[in-house]
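File shown: data.cif. Contents: mmCIF, C-alpha atoms and all ligand atoms.
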```
data_entry
loop_
_atom_site.label_atom_id
_atom_site.label_comp_id
_atom_site.auth_asym_id
_atom_site.auth_seq_id
_atom_site.Cartn_x
_atom_site.Cartn_y
_atom_site.Cartn_z
CA MET A 1 112.13 -18.66 -71.12
CA THR A 2 110.20 -16.33 -73.36
CA GLN A 3 112.05 -13.54 -75.03
CA LYS A 4 110.89 -10.06 -75.88
CA ILE A 5 112.48 -7.01 -77.41
CA LEU A 6 111.83 -3.46 -76.25
CA ARG A 7 112.58 -0.95 -78.98
CA GLY A 8 113.12 2.75 -78.31
CA ARG A 9 115.72 5.31 -77.32
CA VAL A 10 117.82 3.36 -74.85
CA LEU A 11 119.55 5.31 -72.06
CA SER A 12 121.66 3.74 -69.32
CA PHE A 13 124.26 5.25 -66.99
CA ASN A 14 127.73 3.74 -66.61
CA ASP A 15 128.99 6.15 -63.97
CA ALA A 16 128.24 9.39 -62.14
CA PRO A 17 128.41 12.39 -64.48
CA LYS A 18 131.54 14.43 -63.87
CA ALA A 19 130.15 17.54 -65.54
CA ARG A 20 126.98 18.87 -67.11
CA GLU A 21 128.20 17.88 -70.58
CA ASP A 22 129.78 14.56 -69.62
CA HIS A 23 128.76 12.29 -72.48
CA GLU A 24 131.02 9.45 -71.34
CA CYS A 25 128.99 8.57 -68.28
CA TYR A 26 126.04 7.10 -70.16
CA THR A 27 125.15 4.91 -73.11
CA TYR A 28 122.48 6.31 -75.43
CA ILE A 29 121.24 4.47 -78.52
CA GLU A 30 118.75 6.38 -80.68
CA ASP A 31 117.24 3.34 -82.44
CA GLY A 32 118.09 1.04 -79.59
CA ALA A 33 116.70 -2.13 -78.13
CA LEU A 34 116.88 -4.49 -75.19
CA LEU A 35 116.48 -8.22 -75.48
CA ILE A 36 114.82 -9.64 -72.40
CA ASP A 37 114.87 -13.33 -71.63
CA GLY A 38 112.58 -14.14 -68.72
CA ASP A 39 113.51 -11.66 -66.00
CA THR A 40 116.95 -10.67 -67.32
CA ILE A 41 118.37 -8.28 -69.90
CA VAL A 42 120.43 -10.47 -72.23
CA ALA A 43 121.34 -8.02 -75.01
CA ARG A 44 121.44 -4.27 -75.56
CA GLY A 45 122.35 -2.36 -78.70
CA GLU A 46 121.14 -1.09 -82.03
CA PHE A 47 117.71 -2.53 -82.79
CA ALA A 48 118.88 -4.39 -85.89
CA ASP A 49 121.76 -6.04 -84.00
CA VAL A 50 119.60 -7.04 -81.06
CA LYS A 51 116.91 -8.41 -83.37
CA ALA A 52 119.52 -10.59 -85.07
CA GLN A 53 120.40 -12.19 -81.73
CA ALA A 54 116.82 -13.00 -80.74
CA THR A 55 114.88 -16.18 -81.36
CA ASP A 56 112.75 -16.26 -84.53
CA GLY A 57 109.35 -14.65 -84.12
CA VAL A 58 110.35 -12.78 -80.95
CA ALA A 59 107.76 -10.21 -79.82
CA VAL A 60 108.89 -6.63 -80.36
CA VAL A 61 107.34 -3.96 -78.16
CA ASP A 62 107.83 -0.73 -80.06
CA HIS A 63 108.23 2.12 -77.58
CA ARG A 64 109.58 4.63 -80.12
CA PRO A 65 109.95 7.60 -79.75
CA HIS A 66 110.11 7.18 -75.98
CA ILE A 67 113.16 6.79 -73.73
CA ILE A 68 113.81 3.37 -72.23
CA THR A 69 115.86 3.53 -69.04
CA ALA A 70 116.39 1.70 -65.76
CA GLY A 71 113.49 1.53 -63.29
CA PHE A 72 113.56 4.19 -60.60
CA ILE A 73 114.73 3.38 -57.07
CA ASP A 74 113.16 5.01 -54.00
CA THR A 75 115.52 4.60 -51.05
CA HIS A 76 113.26 5.76 -48.20
CA ILE A 77 109.47 5.46 -47.98
CA HIS A 78 106.93 4.52 -45.30
CA PHE A 79 104.48 1.95 -46.58
CA PRO A 80 101.98 2.46 -43.69
CA GLN A 81 101.79 6.20 -44.36
CA MET A 82 99.74 6.14 -47.57
CA GLN A 83 96.83 7.59 -45.60
CA VAL A 84 99.06 10.10 -43.80
CA LEU A 85 100.22 11.86 -47.00
CA GLY A 86 98.99 15.45 -46.91
CA SER A 87 98.41 15.71 -43.16
CA TYR A 88 98.42 19.27 -41.83
CA ALA A 89 101.22 19.77 -39.30
CA GLY A 90 103.85 22.38 -38.62
CA SER A 91 106.80 20.22 -37.61
CA LEU A 92 108.13 16.68 -37.43
CA LEU A 93 107.23 15.75 -33.85
CA GLU A 94 103.74 17.25 -34.14
CA TRP A 95 103.23 15.40 -37.44
CA LEU A 96 104.39 12.10 -35.96
CA ASN A 97 102.30 12.33 -32.80
CA THR A 98 99.14 13.76 -34.33
CA TYR A 99 98.81 11.64 -37.46
CA THR A 100 101.52 9.09 -38.09
CA PHE A 101 101.53 7.25 -34.77
CA VAL A 102 97.74 7.09 -34.93
CA GLU A 103 97.57 5.75 -38.48
CA GLU A 104 100.32 3.17 -38.07
CA GLN A 105 98.36 1.48 -35.27
CA ARG A 106 95.97 0.12 -37.89
CA PHE A 107 98.66 -2.12 -39.37
CA GLY A 108 98.33 -4.75 -36.67
CA ASP A 109 95.23 -5.72 -38.66
CA GLN A 110 96.40 -8.10 -41.38
CA ALA A 111 93.49 -7.26 -43.68
CA HIS A 112 94.24 -3.54 -43.52
CA ALA A 113 97.95 -4.10 -44.07
CA LYS A 114 97.20 -6.29 -47.07
CA LYS A 115 94.82 -3.76 -48.56
CA ILE A 116 97.31 -0.89 -48.24
CA ALA A 117 100.14 -3.07 -49.59
CA GLY A 118 98.12 -3.58 -52.76
CA HIS A 119 97.64 0.17 -53.16
CA PHE A 120 101.29 0.80 -52.32
CA TYR A 121 102.66 -1.39 -55.09
CA ASP A 122 100.12 -0.10 -57.59
CA GLU A 123 101.18 3.44 -56.81
CA ILE A 124 104.94 2.99 -56.99
CA ILE A 125 104.62 1.03 -60.25
CA ARG A 126 102.39 3.76 -61.68
CA HIS A 127 105.20 6.24 -60.92
CA GLY A 128 107.97 4.16 -62.48
CA THR A 129 109.55 2.92 -59.26
CA THR A 130 110.71 -0.69 -59.48
CA THR A 131 112.60 -0.92 -56.17
CA ALA A 132 111.87 0.79 -52.86
CA VAL A 133 113.26 0.66 -49.35
CA ALA A 134 110.33 0.87 -46.96
CA TYR A 135 109.65 1.18 -43.28
CA CYS A 136 106.79 -1.10 -42.35
CA SER A 137 104.99 -0.56 -39.03
CA VAL A 138 105.96 -2.09 -35.68
CA HIS A 139 103.67 -5.05 -36.43
CA PRO A 140 105.06 -8.19 -38.09
CA GLU A 141 101.75 -8.38 -40.00
CA SER A 142 102.73 -5.25 -41.91
CA VAL A 143 106.01 -6.85 -43.00
CA ASP A 144 104.20 -9.98 -44.11
CA ALA A 145 101.82 -7.91 -46.22
CA TYR A 146 104.69 -5.87 -47.67
CA PHE A 147 106.90 -8.76 -48.74
CA ASP A 148 104.03 -11.02 -49.74
CA GLU A 149 102.88 -8.41 -52.24
CA ALA A 150 106.47 -7.83 -53.45
CA MET A 151 106.72 -11.53 -54.27
CA ARG A 152 103.37 -11.55 -56.03
CA ARG A 153 104.76 -8.87 -58.38
CA ASN A 154 108.31 -10.27 -58.46
CA MET A 155 109.78 -6.95 -57.30
CA LEU A 156 113.16 -6.34 -55.69
CA MET A 157 112.09 -4.63 -52.47
CA LEU A 158 113.81 -3.82 -49.20
CA GLY A 159 112.05 -3.24 -45.92
CA GLY A 160 111.64 -4.15 -42.32
CA LYS A 161 109.65 -4.00 -39.14
CA VAL A 162 110.04 -0.72 -37.30
CA MET A 163 111.62 -1.24 -33.87
CA MET A 164 110.22 1.27 -31.35
CA ASP A 165 109.81 0.79 -27.62
CA ARG A 166 109.14 4.27 -26.22
CA GLU A 167 107.85 7.80 -26.94
CA ALA A 168 104.88 6.45 -28.88
CA PRO A 169 101.40 5.15 -28.02
CA LYS A 170 101.41 1.82 -26.19
CA ALA A 171 99.72 0.09 -29.11
CA LEU A 172 102.66 1.05 -31.31
CA THR A 173 105.52 -0.10 -29.12
CA ASP A 174 107.41 -3.35 -28.79
CA THR A 175 110.16 -4.22 -26.29
CA PRO A 176 113.89 -4.72 -26.84
CA GLN A 177 113.44 -8.49 -26.70
CA SER A 178 110.23 -8.72 -28.76
CA SER A 179 111.65 -6.39 -31.41
CA TYR A 180 114.73 -8.61 -31.68
CA ASP A 181 112.69 -11.81 -31.77
CA ASP A 182 110.16 -10.50 -34.28
CA SER A 183 112.86 -9.07 -36.54
CA LYS A 184 114.78 -12.34 -36.39
CA THR A 185 111.71 -14.34 -37.34
CA LEU A 186 110.92 -11.94 -40.18
CA ILE A 187 114.50 -12.10 -41.48
CA GLU A 188 114.30 -15.88 -41.58
CA LYS A 189 110.87 -15.75 -43.19
CA TRP A 190 111.51 -13.13 -45.87
CA HIS A 191 115.16 -12.25 -46.49
CA GLY A 192 116.39 -13.83 -49.70
CA LYS A 193 112.94 -15.16 -50.53
CA GLY A 194 112.07 -14.08 -54.08
CA ARG A 195 113.89 -10.78 -54.56
CA ASN A 196 113.29 -9.58 -50.98
CA HIS A 197 115.91 -7.89 -48.83
CA TYR A 198 115.17 -7.45 -45.14
CA ALA A 199 116.35 -4.15 -43.60
CA ILE A 200 116.93 -3.82 -39.85
CA THR A 201 114.76 -0.82 -38.95
CA PRO A 202 115.12 0.99 -35.61
CA ARG A 203 112.82 3.97 -36.32
CA PHE A 204 115.06 6.62 -34.73
CA ALA A 205 116.87 7.14 -31.46
CA ILE A 206 113.93 8.93 -29.81
CA THR A 207 111.66 5.90 -30.07
CA SER A 208 114.29 3.35 -29.04
CA THR A 209 115.73 2.81 -25.58
CA PRO A 210 119.46 2.11 -25.37
CA GLU A 211 118.53 -1.52 -24.73
CA GLN A 212 116.62 -1.68 -27.99
CA LEU A 213 119.42 -0.10 -30.03
CA GLU A 214 121.71 -2.68 -28.52
CA MET A 215 119.38 -5.40 -29.79
CA ALA A 216 119.30 -3.74 -33.23
CA GLY A 217 123.11 -3.71 -33.18
CA ALA A 218 123.12 -7.41 -32.26
CA LEU A 219 120.91 -8.15 -35.26
CA ALA A 220 123.23 -6.12 -37.52
CA ASN A 221 126.20 -8.02 -36.13
CA GLU A 222 124.55 -11.39 -36.69
CA HIS A 223 123.45 -10.41 -40.22
CA PRO A 224 126.21 -8.23 -41.69
CA ASP A 225 124.75 -8.61 -45.18
CA LEU A 226 121.49 -6.87 -44.20
CA HIS A 227 120.71 -3.23 -44.75
CA ILE A 228 119.95 -0.98 -41.78
CA GLN A 229 117.67 2.05 -42.00
CA THR A 230 116.85 4.83 -39.57
CA HIS A 231 116.41 8.61 -39.34
CA LEU A 232 119.10 11.16 -38.49
CA SER A 233 119.17 14.90 -37.92
CA GLU A 234 115.91 15.86 -39.59
CA ASN A 235 114.60 18.63 -37.36
CA LYS A 236 116.15 20.87 -34.70
CA ALA A 237 113.66 19.98 -31.94
CA GLU A 238 114.14 16.29 -32.74
CA ILE A 239 117.91 16.68 -32.42
CA GLU A 240 117.67 18.45 -29.06
CA PHE A 241 115.29 15.82 -27.70
CA THR A 242 117.52 13.02 -28.97
CA LYS A 243 120.59 14.49 -27.32
CA SER A 244 118.69 14.81 -24.02
CA LEU A 245 117.83 11.09 -24.21
CA TYR A 246 121.43 10.06 -24.94
CA PRO A 247 123.50 12.64 -23.00
CA GLU A 248 126.56 10.39 -22.90
CA ARG A 249 126.92 10.33 -26.70
CA LYS A 250 128.96 12.92 -28.61
CA ASP A 251 126.18 13.73 -31.08
CA TYR A 252 123.18 12.14 -32.85
CA PHE A 253 125.23 10.01 -35.28
CA ASP A 254 127.43 8.80 -32.43
CA ILE A 255 124.38 7.09 -30.93
CA TYR A 256 124.07 4.87 -33.98
CA GLU A 257 127.84 4.39 -34.15
CA HIS A 258 127.92 3.30 -30.52
CA TYR A 259 125.39 0.55 -31.15
CA GLY A 260 127.00 -0.73 -34.36
CA LEU A 261 124.35 0.64 -36.68
CA THR A 262 126.52 2.44 -39.25
CA GLY A 263 128.40 1.35 -42.36
CA GLU A 264 128.01 0.83 -46.08
CA LYS A 265 124.65 -0.91 -45.73
CA ALA A 266 123.24 1.75 -43.36
CA LEU A 267 120.77 4.32 -44.71
CA PHE A 268 120.11 7.52 -42.76
CA GLY A 269 117.01 9.46 -43.70
CA HIS A 270 117.35 13.27 -43.91
CA CYS A 271 120.79 14.32 -42.50
CA ILE A 272 119.83 18.00 -42.77
CA HIS A 273 121.51 19.52 -39.73
CA LEU A 274 124.65 17.40 -39.40
CA GLU A 275 127.57 18.65 -37.34
CA ASP A 276 131.01 18.49 -38.99
CA ARG A 277 132.03 15.47 -36.92
CA GLU A 278 128.88 13.61 -37.90
CA ARG A 279 129.45 14.33 -41.57
CA ASP A 280 133.07 13.17 -41.33
CA ALA A 281 132.07 10.01 -39.47
CA MET A 282 129.41 9.23 -42.05
CA ILE A 283 131.99 9.47 -44.82
CA GLU A 284 134.51 7.42 -42.87
CA THR A 285 132.04 4.62 -42.23
CA GLY A 286 130.61 4.67 -45.78
CA SER A 287 127.13 5.35 -44.36
CA VAL A 288 124.51 6.69 -46.75
CA ALA A 289 122.67 10.00 -46.30
CA VAL A 290 119.19 9.94 -47.84
CA PHE A 291 117.92 13.24 -49.24
CA CYS A 292 114.11 13.48 -49.05
CA PRO A 293 113.19 16.76 -50.77
CA THR A 294 109.38 16.82 -50.76
CA SER A 295 109.27 15.69 -47.15
CA ASN A 296 111.85 18.21 -45.97
CA LEU A 297 109.89 21.04 -47.56
CA PHE A 298 106.44 19.79 -46.54
CA ILE A 299 107.28 19.15 -42.88
CA GLY A 300 109.46 22.27 -42.89
CA SER A 301 112.53 20.41 -41.65
CA GLY A 302 115.20 22.36 -43.54
CA LEU A 303 117.36 22.41 -46.64
CA PHE A 304 119.61 19.41 -47.30
CA ASN A 305 123.10 20.65 -48.15
CA TRP A 306 124.35 18.22 -50.79
CA ASN A 307 127.86 19.62 -51.18
CA ARG A 308 128.42 19.65 -47.46
CA VAL A 309 127.20 16.07 -47.00
CA ALA A 310 129.28 14.93 -49.98
CA GLY A 311 132.32 16.47 -48.27
CA PRO A 312 135.29 18.33 -49.72
CA GLU A 313 136.41 15.31 -51.78
CA GLY A 314 132.90 14.30 -52.79
CA LYS A 315 133.21 10.94 -51.04
CA GLY A 316 129.99 11.18 -49.01
CA ARG A 317 127.45 8.63 -50.18
CA ILE A 318 124.07 10.18 -50.95
CA ALA A 319 120.78 8.66 -52.06
CA ILE A 320 117.49 10.37 -52.90
CA ALA A 321 113.98 9.34 -51.86
CA THR A 322 110.33 10.33 -51.56
CA ASP A 323 109.74 9.65 -47.82
CA VAL A 324 105.99 9.35 -48.39
CA GLY A 325 103.90 10.10 -46.26
CA GLY A 326 106.07 12.95 -44.92
CA GLY A 327 106.94 13.26 -48.58
CA THR A 328 104.12 14.40 -50.80
CA ASN A 329 104.53 12.45 -54.02
CA TYR A 330 105.43 8.92 -55.09
CA SER A 331 107.20 10.19 -58.20
CA MET A 332 110.99 10.18 -58.25
CA LEU A 333 110.73 12.82 -61.00
CA ARG A 334 108.72 15.14 -58.73
CA THR A 335 111.28 14.36 -56.03
CA LEU A 336 114.13 15.44 -58.29
CA ASP A 337 112.30 18.64 -59.16
CA GLU A 338 111.90 19.63 -55.52
CA GLY A 339 115.47 18.53 -54.81
CA TYR A 340 116.73 20.77 -57.58
CA LYS A 341 114.94 23.74 -56.01
CA ILE A 342 116.35 23.00 -52.55
CA LEU A 343 119.88 22.88 -53.91
CA ASN A 344 119.42 25.89 -56.17
CA LEU A 345 118.36 27.95 -53.14
CA GLN A 346 121.78 27.17 -51.68
CA GLY A 347 123.73 28.01 -54.83
CA GLN A 348 124.13 24.35 -55.74
CA ARG A 349 122.61 22.69 -58.78
CA MET A 350 122.09 19.12 -59.77
CA ASN A 351 122.46 18.89 -63.55
CA PRO A 352 119.96 16.81 -65.56
CA LEU A 353 122.34 13.93 -66.18
CA THR A 354 123.21 13.70 -62.51
CA SER A 355 119.52 13.73 -61.60
CA ILE A 356 118.54 10.77 -63.75
CA TYR A 357 121.77 9.00 -62.81
CA GLN A 358 120.85 9.49 -59.15
CA ILE A 359 117.40 7.87 -59.26
CA THR A 360 118.81 4.90 -61.21
CA LEU A 361 122.46 3.86 -60.89
CA GLY A 362 123.24 6.38 -58.11
CA ASN A 363 120.57 4.99 -55.81
CA ALA A 364 121.49 1.42 -56.79
CA ARG A 365 125.08 2.12 -55.74
CA ALA A 366 123.88 3.65 -52.49
CA LEU A 367 122.16 0.32 -51.83
CA SER A 368 125.18 -1.70 -53.05
CA LEU A 369 122.85 -3.36 -55.54
CA GLU A 370 124.27 -2.02 -58.80
CA ASP A 371 125.10 -5.51 -60.04
CA LYS A 372 121.35 -6.23 -60.18
CA ILE A 373 119.45 -2.96 -60.69
CA GLY A 374 119.92 0.67 -61.73
CA THR A 375 121.25 0.11 -65.27
CA LEU A 376 120.25 -1.61 -68.50
CA ASP A 377 123.46 -3.61 -68.54
CA VAL A 378 123.41 -7.13 -69.91
CA GLY A 379 122.98 -9.65 -67.12
CA THR A 380 121.05 -7.33 -64.83
CA ASP A 381 117.40 -7.64 -63.81
CA ALA A 382 114.90 -6.39 -66.38
CA ASP A 383 113.48 -3.56 -64.22
CA ILE A 384 112.81 -0.81 -66.73
CA VAL A 385 110.79 2.37 -67.28
CA VAL A 386 109.65 3.96 -70.50
CA LEU A 387 109.46 7.76 -70.39
CA ASN A 388 107.43 10.14 -72.55
CA ALA A 389 108.56 13.76 -72.48
CA ASN A 390 105.43 14.71 -74.48
CA ALA A 391 103.04 13.33 -71.88
CA THR A 392 101.08 16.52 -71.20
CA PRO A 393 100.06 19.52 -73.31
CA ALA A 394 102.49 21.72 -71.39
CA MET A 395 105.32 19.27 -72.03
CA GLN A 396 104.40 19.01 -75.73
CA VAL A 397 104.63 22.76 -76.19
CA ARG A 398 107.95 22.92 -74.40
CA MET A 399 109.31 19.94 -76.33
CA GLU A 400 108.94 21.94 -79.56
CA THR A 401 112.01 23.92 -78.50
CA VAL A 402 114.01 21.11 -76.90
CA THR A 403 117.02 20.07 -78.97
CA THR A 404 119.27 17.95 -76.73
CA LEU A 405 118.91 14.85 -74.58
CA GLU A 406 119.97 16.85 -71.52
CA GLU A 407 117.20 19.37 -72.10
CA GLU A 408 114.68 16.60 -72.52
CA LEU A 409 115.78 14.93 -69.29
CA PHE A 410 115.54 18.24 -67.47
CA LEU A 411 112.01 18.74 -68.75
CA LEU A 412 111.11 15.21 -67.63
CA GLN A 413 112.31 16.02 -64.12
CA THR A 414 110.78 19.48 -63.99
CA ALA A 415 107.35 18.74 -65.46
CA GLY A 416 107.11 14.95 -65.35
CA ASP A 417 105.10 12.73 -63.02
CA ASP A 418 103.12 9.49 -63.29
CA ARG A 419 101.69 10.63 -66.66
CA THR A 420 105.23 10.57 -68.01
CA ILE A 421 105.63 6.85 -67.29
CA VAL A 422 104.45 4.96 -70.35
CA GLU A 423 105.32 1.57 -68.94
CA THR A 424 107.05 0.01 -65.94
CA TYR A 425 108.66 -3.39 -66.47
CA VAL A 426 109.42 -5.48 -63.41
CA ALA A 427 111.57 -8.56 -63.96
CA GLY A 428 110.66 -8.38 -67.62
CA GLU A 429 106.90 -8.02 -67.16
CA ALA A 430 104.92 -4.89 -68.09
CA LEU A 431 103.13 -4.00 -64.85
CA LYS A 432 101.90 -0.45 -65.32
CA THR A 433 99.59 -1.25 -68.17
CA GLY A 434 96.50 -2.69 -66.63
CA LEU A 435 96.55 -0.64 -63.43
CA ASN A 436 93.44 1.54 -63.12
N1 LIG A 501 111.42 10.27 -37.94
C1 LIG A 501 110.96 9.18 -37.26
N2 LIG A 501 109.92 8.62 -37.88
C2 LIG A 501 109.70 9.35 -38.98
C3 LIG A 501 108.76 9.24 -40.04
O1 LIG A 501 107.89 8.37 -40.09
N3 LIG A 501 108.86 10.18 -41.02
C4 LIG A 501 109.82 11.15 -41.01
N4 LIG A 501 109.86 12.03 -42.00
N5 LIG A 501 110.69 11.27 -40.02
C5 LIG A 501 110.65 10.38 -39.02
ZN ZN A 502 111.15 8.57 -43.03
#
```

Here is a file; write its structure as structure tokens.
Ligand code: GUN
Ligand code: ZN
Amino acid sequence: MTQKILRGRVLSFNDAPKAREDHECYTYIEDGALLIDGDTIVARGEFADVKAQATDGVAVVDHRPHIITAGFIDTHIHFPQMQVLGSYAGSLLEWLNTYTFVEEQRFGDQAHAKKIAGHFYDEIIRHGTTTAVAYCSVHPESVDAYFDEAMRRNMLMLGGKVMMDREAPKALTDTPQSSYDDSKTLIEKWHGKGRNHYAITPRFAITSTPEQLEMAGALANEHPDLHIQTHLSENKAEIEFTKSLYPERKDYFDIYEHYGLTGEKALFGHCIHLEDRERDAMIETGSVAVFCPTSNLFIGSGLFNWNRVAGPEGKGRIAIATDVGGGTNYSMLRTLDEGYKILNLQGQRMNPLTSIYQITLGNARALSLEDKIGTLDVGTDADIVVLNANATPAMQVRMETVTTLEEELFLLQTAGDDRTIVETYVAGEALKTGLN
């Protein structure tokens, strides 16, 4: 295995910050370094100490004065919606029917799916994202394109075929049986291959008959190690329609509970308008609420209430994500910025340490993957980003008055984007350099 050293200001979280000035929750080494052997971080520390542990003549990539931290994790994104981003609609159901369900039909064409997969990975790498959890389209071809490209780049990616058998154009629907069979085949084909994780993906209760959710539950039961992803309580009209389709269920979340689609591996996009019982049941089952700020603002769905979803004891599990193409930017930094504004409007604030924790270790924990990704701990995968808080003229001027790490991180989240990402390392390889 070839070794390399990355030298710079090393920052890695050990835990969730307990306060704005919590300096115990992270490790920060001013003249720090990581020793990478193949695809793994094998040493972390002061540059001189790390250098002493490396093989003679090891290559040193000098990223000073930039920050080296864990690669960003996007916990909810739609790979077939790259060409939906920025579509003009007033609400969720209009947006889905007018643009999204039209565009996703193109992914039955393997060549199109392959082309967009290439763009998709280029774009997330450009923005510093090293792991994403994606919805593919209903077509198995889209899943093949998605995971095939993940393997080409050696990325740890999660995703799955959308299951949807009603309330969509005929060309975009499957059946309960075909969705089960196709998902099963795709699980066998892709899960555990390379760094791939298959996620069981019933789109949402509106586009699944009870029979299909039963099949999704059967898959979850047969594969308890797999993630599950779906949407929950995003928009008021969506909620009313959902309840009318499942009148026998207590509430929206109860639909998923009934079919065995909740738990610590289950990711629920949005969770904006949860009832108290739903919130309590989510906490009880360890289910994850996924906050999608740019999407919630763009589609006009509402303001995610972090403190409420976290619950009185803060036990609610929360992840953060772009939700492109309802979301408007691939950058997790832009996502944090919009998230901060949403929370601030409600008298809640996410402090800068918590923000960067959230898109690294926080999201890794939400995916139960913190033993592999989300930190720069020794033994974990070498998925890393290098951040430059002086990336633009506006940032340079502001940096003249920045004196603390916390201030610098807050500037990165407030003004940063793809220009801020100097390099993205995936399994030890520099992948951003070289993209157009
Ligand atoms: N609900 C069901 N499908 C979708 C989707 O593609 N995007 C968003 N934002 N919400 C959904
Ligand atoms: Zn979504």

Open item on the list: Taking all atoms listed in the file into account, list the residues no farther than 7 Å from ligand LIG 501 (chain A), as a list in words.
Closed with: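 Final answer, ordered by chain and number: His78, Leu92, Leu96, Thr100, Arg203, Phe204, His231, Glu234, Ser295, Asp323 and Gly326 of chain A.
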
I need the residues from that last selection saved to file as an mmCIF file, in the coordinates of the input (with C-alpha atoms), if you can.
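Generated output (selection37.cif):
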```cif
data_model
loop_
_atom_site.group_PDB
_atom_site.id
_atom_site.type_symbol
_atom_site.label_atom_id
_atom_site.label_comp_id
_atom_site.auth_asym_id
_atom_site.auth_seq_id
_atom_site.Cartn_x
_atom_site.Cartn_y
_atom_site.Cartn_z
ATOM 1 C CA HIS A 78 106.930 4.520 -45.300
ATOM 2 C CA LEU A 92 108.130 16.680 -37.430
ATOM 3 C CA LEU A 96 104.390 12.100 -35.960
ATOM 4 C CA THR A 100 101.520 9.090 -38.090
ATOM 5 C CA ARG A 203 112.820 3.970 -36.320
ATOM 6 C CA PHE A 204 115.060 6.620 -34.730
ATOM 7 C CA HIS A 231 116.410 8.610 -39.340
ATOM 8 C CA GLU A 234 115.910 15.860 -39.590
ATOM 9 C CA SER A 295 109.270 15.690 -47.150
ATOM 10 C CA ASP A 323 109.740 9.650 -47.820
ATOM 11 C CA GLY A 326 106.070 12.950 -44.920
#
```

Q.
Hey, which residues sit close to ligand ZN 502 (chain A)? Say within 10 Å, counting only C-alpha atoms and all ligand atoms, and write them as number ranges by chain.
A. A: 75-78, 81, 134-135, 203-204, 229-232, 234, 268-270, 290, 292, 295, 321-327

Please provide as a compact mmCIF listing (two decimals) with C-alpha atoms, in the frame of the given file all residues within 6 Å of stretch 409-417 of chain A, with the sequence filter that same-chain residues fewer than 5 positions apart are discarded (counting all atoms listed in the file).
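So part_19.txt came out as:
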```
# COMPACT_ATOMS: atom_id res chain seq x y z
CA SER A 331 107.20 10.19 -58.20
CA LEU A 333 110.73 12.82 -61.00
CA ASP A 337 112.30 18.64 -59.16
CA PRO A 352 119.96 16.81 -65.56
CA ALA A 389 108.56 13.76 -72.48
```

Of the residues A:Ile68, A:Ile356, A:Leu274, A:Val42, which is the one nearest to A:Gly8, using only C-alpha atoms?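 The answer is A:Ile68, which sits nearest to A:Gly8.
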
(request) Give me the residues within 10 Å of A:Asp144 as an NGL selection string, counting only C-alpha atoms and dropping any in the same chain fewer than 3 places off. (result) :A and (110 or 113-114 or 117 or 136 or 139-141 or 147-150 or 160-161 or 186 or 189-190)

For this session: Can you work out which one of A:Gly300, A:Gly128, A:Gly118, A:Gly339 has the shortest atom-to-atom distance to A:Tyr88, counting only C-alpha atoms?
Result: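 Residue with the minimum atom-to-atom distance to A:Tyr88: A:Gly300.
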
Taking the point (130.2, 9.9, -39.4) as given in the file, collect each protein or nucleic acid residue that comes within 12 Å of it, counting all atoms listed in the file, and present the set as a ChimeraX atom specification. /A:232,250-258,261-264,266,268,271,274-289,309-311,316-317

Q.
List the spatial neighbours of A:Leu93 as a count of residues only - criterion: any atom at most 8 Å away, all atoms listed in the file, same-chain residues fewer than 2 positions off excluded.
A. 6

Check your understanding: Can you tell me how far atom CA of A:Pro312 sits from atom CA of A:Leu343, in Å to one decimal?
Key ->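 Straight-line distance from atom CA of A:Pro312 to atom CA of A:Leu343 works out to 16.6 Å.
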
Missing atoms in stretch 426-434 of chain A: can you complete it with N, CA and C atoms, as a compact mmCIF listing (two decimals), in the coordinates of the input?
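Once written, part.txt looks like this:
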```txt
# COMPACT_ATOMS: atom_id res chain seq x y z
N VAL A 426 108.81 -4.89 -64.60
CA VAL A 426 109.42 -5.48 -63.41
C VAL A 426 109.79 -6.92 -63.75
N ALA A 427 111.07 -7.23 -63.61
CA ALA A 427 111.57 -8.56 -63.96
C ALA A 427 111.02 -9.00 -65.32
N GLY A 428 111.04 -8.06 -66.24
CA GLY A 428 110.66 -8.38 -67.62
C GLY A 428 109.18 -8.28 -67.94
N GLU A 429 108.35 -8.08 -66.92
CA GLU A 429 106.90 -8.02 -67.16
C GLU A 429 106.40 -6.59 -67.12
N ALA A 430 105.52 -6.24 -68.06
CA ALA A 430 104.92 -4.89 -68.09
C ALA A 430 103.84 -4.82 -67.01
N LEU A 431 104.09 -4.02 -65.96
CA LEU A 431 103.13 -4.00 -64.85
C LEU A 431 102.29 -2.73 -64.77
N LYS A 432 102.72 -1.67 -65.44
CA LYS A 432 101.90 -0.45 -65.32
C LYS A 432 100.62 -0.58 -66.15
N THR A 433 100.76 -1.06 -67.33
CA THR A 433 99.59 -1.25 -68.17
C THR A 433 98.64 -2.20 -67.45
N GLY A 434 97.42 -1.80 -67.33
CA GLY A 434 96.50 -2.69 -66.63
C GLY A 434 96.13 -2.17 -65.25
```
